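Report on one structure; see the data block that follows.
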Amino acid sequence: MNQTKPNLTSIKRRYGIVGRSPVLENALNTAVRVAPTDLSILITGESGVGKEVFSRIIHDNSPRKHEKFIAINCGAIPEGTINSELFGHVKGAFTNATGDRKGYFETYDGGTIFLDEIGEMPLDTQTYLLRVLESGEFIRVGSSSVQRTDVRIVAATNRKLSERIRDGKFREDLYYRLATVNIELPSLRDRPEDIYLLFRYFANNFAEQQGFDPIQIDDEARWLLDHYSWPGNIRELKNVAEQLSILAEKRELTAVDLVTMMPKLRERNLPAITRNGAADGMQEREILYKVLFDMKSDLNDLKGLIFELIRNNDLRVPDMGKIRSLQLPGAYPDAADEIDRRAGVDVDEFRRPSEDPIIVDTSMQQAYDRSEIVEEDLSLANAERDLIAKALKKHNGRRKEASAELGISERTLYRKIKEYEILE
């Protein structure tokens, strides 16, 4: 183990891998350990997590490193030509086959072939590939002559092959041949400690390429990045870093700047524990956070509207001291802490930096503060019930889809339906 860690550090540096999360370290360590073998490897993970980079790591650290390597996207090759592309063809095998042609398995004999999006490979091509994996033999399209090849297969997919097998679109025997070793790459939201490191890496590199100062972000802006869902993973984060570097008129950005330029960053990836006994509690906490964020956004809009009415119409505001005012920046942490305590977690672990209220001059701000007469039903239970009811209505009572949108398990959703006596 002591020798592995320095190797991982040098490999990260060589291939531009940024991060220190345990899930990333584990995947990289597995890749390095299996690289010297001749085993077939299956790399799984969402789009944009770096599957092709890992295939290069495996090839470059194997005995085949001095032989050729090629990456092939199985989903990008038309079904009618993929057999010819992979295994070659003979003259007259089909229209426009004016001569013999070598396929990749013949051309890259002795090297490594990376088959990306293997889940999209047609069934008949899967039969050809299975024969190569079992015996090293293949036949060109239109030929009856058996040829041999010695290639190492590294495959990758962002699809769940178990579902493809169940639907009859992927061969189960091929799956077990490919997945001699399965390396699962984590999504970006599963390694939140790496998000800011990657953002700085991409922003600094882009600034250096373009010849200007790199952008900096404050703590609240960093919180936004850490809690965004990143459906496009590392590829999307790089795109965001480069867009912000170009669009920003200043080099030090706040959370408001980020949301103004990229409203999608307001979409939350709220923390949830799914691997221990606190799963249901944390999923409930996630719903409540969502309720609070939506409520806070609505109240801020309403406060802004009231202020505009006062300012534009020169209204006189009476003393509303007897009416309970809602000081949102202070109310939010108190509510969040209460949720934390109910979930049985450390309050400080998920504390969000406070947001600044609307900025106005002192006199206008005082008038605005006195005008806060918003009366709102802040019952978390009622808000949660409404949110669940709306999700069920949106998906016509389909609990699986509703629970997915809410970010909770179907079991938790079922229990909430019974608890709140929601009519589906």
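Letters for chains follow the order of the structure tokens (A, B, ...), residue numbers begin at 1 for each chain, and ligand numbers begin at 1 in the order shown.
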
**Report entry** range 182-192 of chain A environment, 9 Å, only C-alpha atoms, sequence neighbours closer than 4 positions dropped, as a ChimeraX atom specification
**Finding:** /A:19-24,27-28,30-31,41-51,178,196,225-234,237,269

Query raised in the report: Can you list, as a list in words, every protein, DNA or RNA residue that comes within 10 Å of Glu419 in chain A when you count only C-alpha atoms, leaving out same-chain residues fewer than 5 positions away?
Result: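 So, after excluding close chain neighbours, the residues are Arg385, Leu413 and Tyr414 of chain A.
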
Write out the residues from the selection above, keeping N, CA and C atoms, as an mmCIF file, in the first residue's frame.
```cif
data_model
loop_
_atom_site.group_PDB
_atom_site.id
_atom_site.type_symbol
_atom_site.label_atom_id
_atom_site.label_comp_id
_atom_site.auth_asym_id
_atom_site.auth_seq_id
_atom_site.Cartn_x
_atom_site.Cartn_y
_atom_site.Cartn_z
ATOM 1 N N ARG A 385 -46.757 18.394 3.050
ATOM 2 C CA ARG A 385 -47.928 17.713 2.514
ATOM 3 C C ARG A 385 -48.302 18.263 1.149
ATOM 4 N N LEU A 413 -42.134 7.869 0.669
ATOM 5 C CA LEU A 413 -43.292 8.518 0.076
ATOM 6 C C LEU A 413 -44.581 7.823 0.517
ATOM 7 N N TYR A 414 -44.586 6.478 0.491
ATOM 8 C CA TYR A 414 -45.774 5.723 0.896
ATOM 9 C C TYR A 414 -46.148 6.056 2.347
#
```

Query - Coordinates-based distance that separates CA of His59 in chain A from CA of Asn83 in chain A (Å, one decimal) - result: 23.8 Å

Query raised in the report: Gln210 in chain A: which residues within 10 Å, counting only C-alpha atoms, same-chain residues fewer than 4 positions away excluded, as a PyMOL selection string?
Result: chain A and resi 204-206+214+245-246

Taking N, CA and C atoms for each residue, export the selection above as a PDB file, in the first residue's frame.
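Saved to result30.pdb:
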```
ATOM      1  N   ASN A 204      -8.501  28.401 -13.371  1.00  0.00           N
ATOM      2  CA  ASN A 204      -7.106  28.842 -13.479  1.00  0.00           C
ATOM      3  C   ASN A 204      -6.501  28.459 -14.828  1.00  0.00           C
ATOM      4  N   ASN A 205      -6.772  27.228 -15.277  1.00  0.00           N
ATOM      5  CA  ASN A 205      -6.242  26.795 -16.571  1.00  0.00           C
ATOM      6  C   ASN A 205      -6.789  27.653 -17.708  1.00  0.00           C
ATOM      7  N   PHE A 206      -8.097  27.918 -17.655  1.00  0.00           N
ATOM      8  CA  PHE A 206      -8.714  28.714 -18.721  1.00  0.00           C
ATOM      9  C   PHE A 206      -8.182  30.135 -18.715  1.00  0.00           C
ATOM     10  N   PRO A 214      -7.603  34.799 -13.136  1.00  0.00           N
ATOM     11  CA  PRO A 214      -8.659  33.817 -12.857  1.00  0.00           C
ATOM     12  C   PRO A 214      -9.725  34.402 -11.938  1.00  0.00           C
ATOM     13  N   SER A 245     -15.860  32.558 -16.368  1.00  0.00           N
ATOM     14  CA  SER A 245     -14.621  33.304 -16.602  1.00  0.00           C
ATOM     15  C   SER A 245     -14.795  34.323 -17.721  1.00  0.00           C
ATOM     16  N   ILE A 246     -15.609  33.971 -18.712  1.00  0.00           N
ATOM     17  CA  ILE A 246     -15.823  34.873 -19.852  1.00  0.00           C
ATOM     18  C   ILE A 246     -16.875  35.930 -19.539  1.00  0.00           C
TER      19      ILE A 246
END
```

Query - Minimum-distance residue to Ala241 in chain A, chosen among A:Thr107, A:Leu198, A:Arg266, A:Ile153 (using only C-alpha atoms) - result: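 The answer is A:Leu198, which sits nearest to Ala241 in chain A.
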
Report task. Please identify all polymer residues within 6 Å of range 116-125 of chain A, counting only C-alpha atoms, omitting same-chain residues fewer than 3 positions from it, and present them as JSON, numbers by chain. Result -> {"A": [72, 73, 74, 75, 128, 155, 156, 157]}

Would you put the residues from that selection into a file with N, CA, C and O atoms, as a compact mmCIF listing (two decimals), in the first residue's frame?
```txt
# COMPACT_ATOMS: atom_id res chain seq x y z
N ILE A 72 -13.50 3.64 -29.25
CA ILE A 72 -14.60 3.52 -30.21
C ILE A 72 -15.92 3.75 -29.48
O ILE A 72 -16.21 3.08 -28.49
N ASN A 73 -16.71 4.68 -29.98
CA ASN A 73 -18.04 4.93 -29.42
C ASN A 73 -19.04 4.05 -30.15
O ASN A 73 -19.41 4.33 -31.29
N CYS A 74 -19.50 3.00 -29.50
CA CYS A 74 -20.41 2.04 -30.15
C CYS A 74 -21.75 2.68 -30.51
O CYS A 74 -22.40 2.25 -31.46
N GLY A 75 -22.14 3.69 -29.76
CA GLY A 75 -23.42 4.33 -30.04
C GLY A 75 -23.37 5.28 -31.21
O GLY A 75 -24.41 5.70 -31.72
N TYR A 128 -20.52 -11.50 -32.11
CA TYR A 128 -19.16 -11.46 -32.66
C TYR A 128 -18.15 -11.16 -31.55
O TYR A 128 -17.10 -11.80 -31.45
N ALA A 155 -14.31 -1.90 -21.75
CA ALA A 155 -15.62 -1.41 -22.16
C ALA A 155 -16.14 -0.41 -21.13
O ALA A 155 -15.70 -0.39 -19.98
N ALA A 156 -17.08 0.42 -21.55
CA ALA A 156 -17.66 1.40 -20.64
C ALA A 156 -19.12 1.65 -21.02
O ALA A 156 -19.51 1.49 -22.18
N THR A 157 -19.91 2.04 -20.03
CA THR A 157 -21.31 2.36 -20.28
C THR A 157 -21.84 3.28 -19.20
O THR A 157 -21.38 3.25 -18.06
```
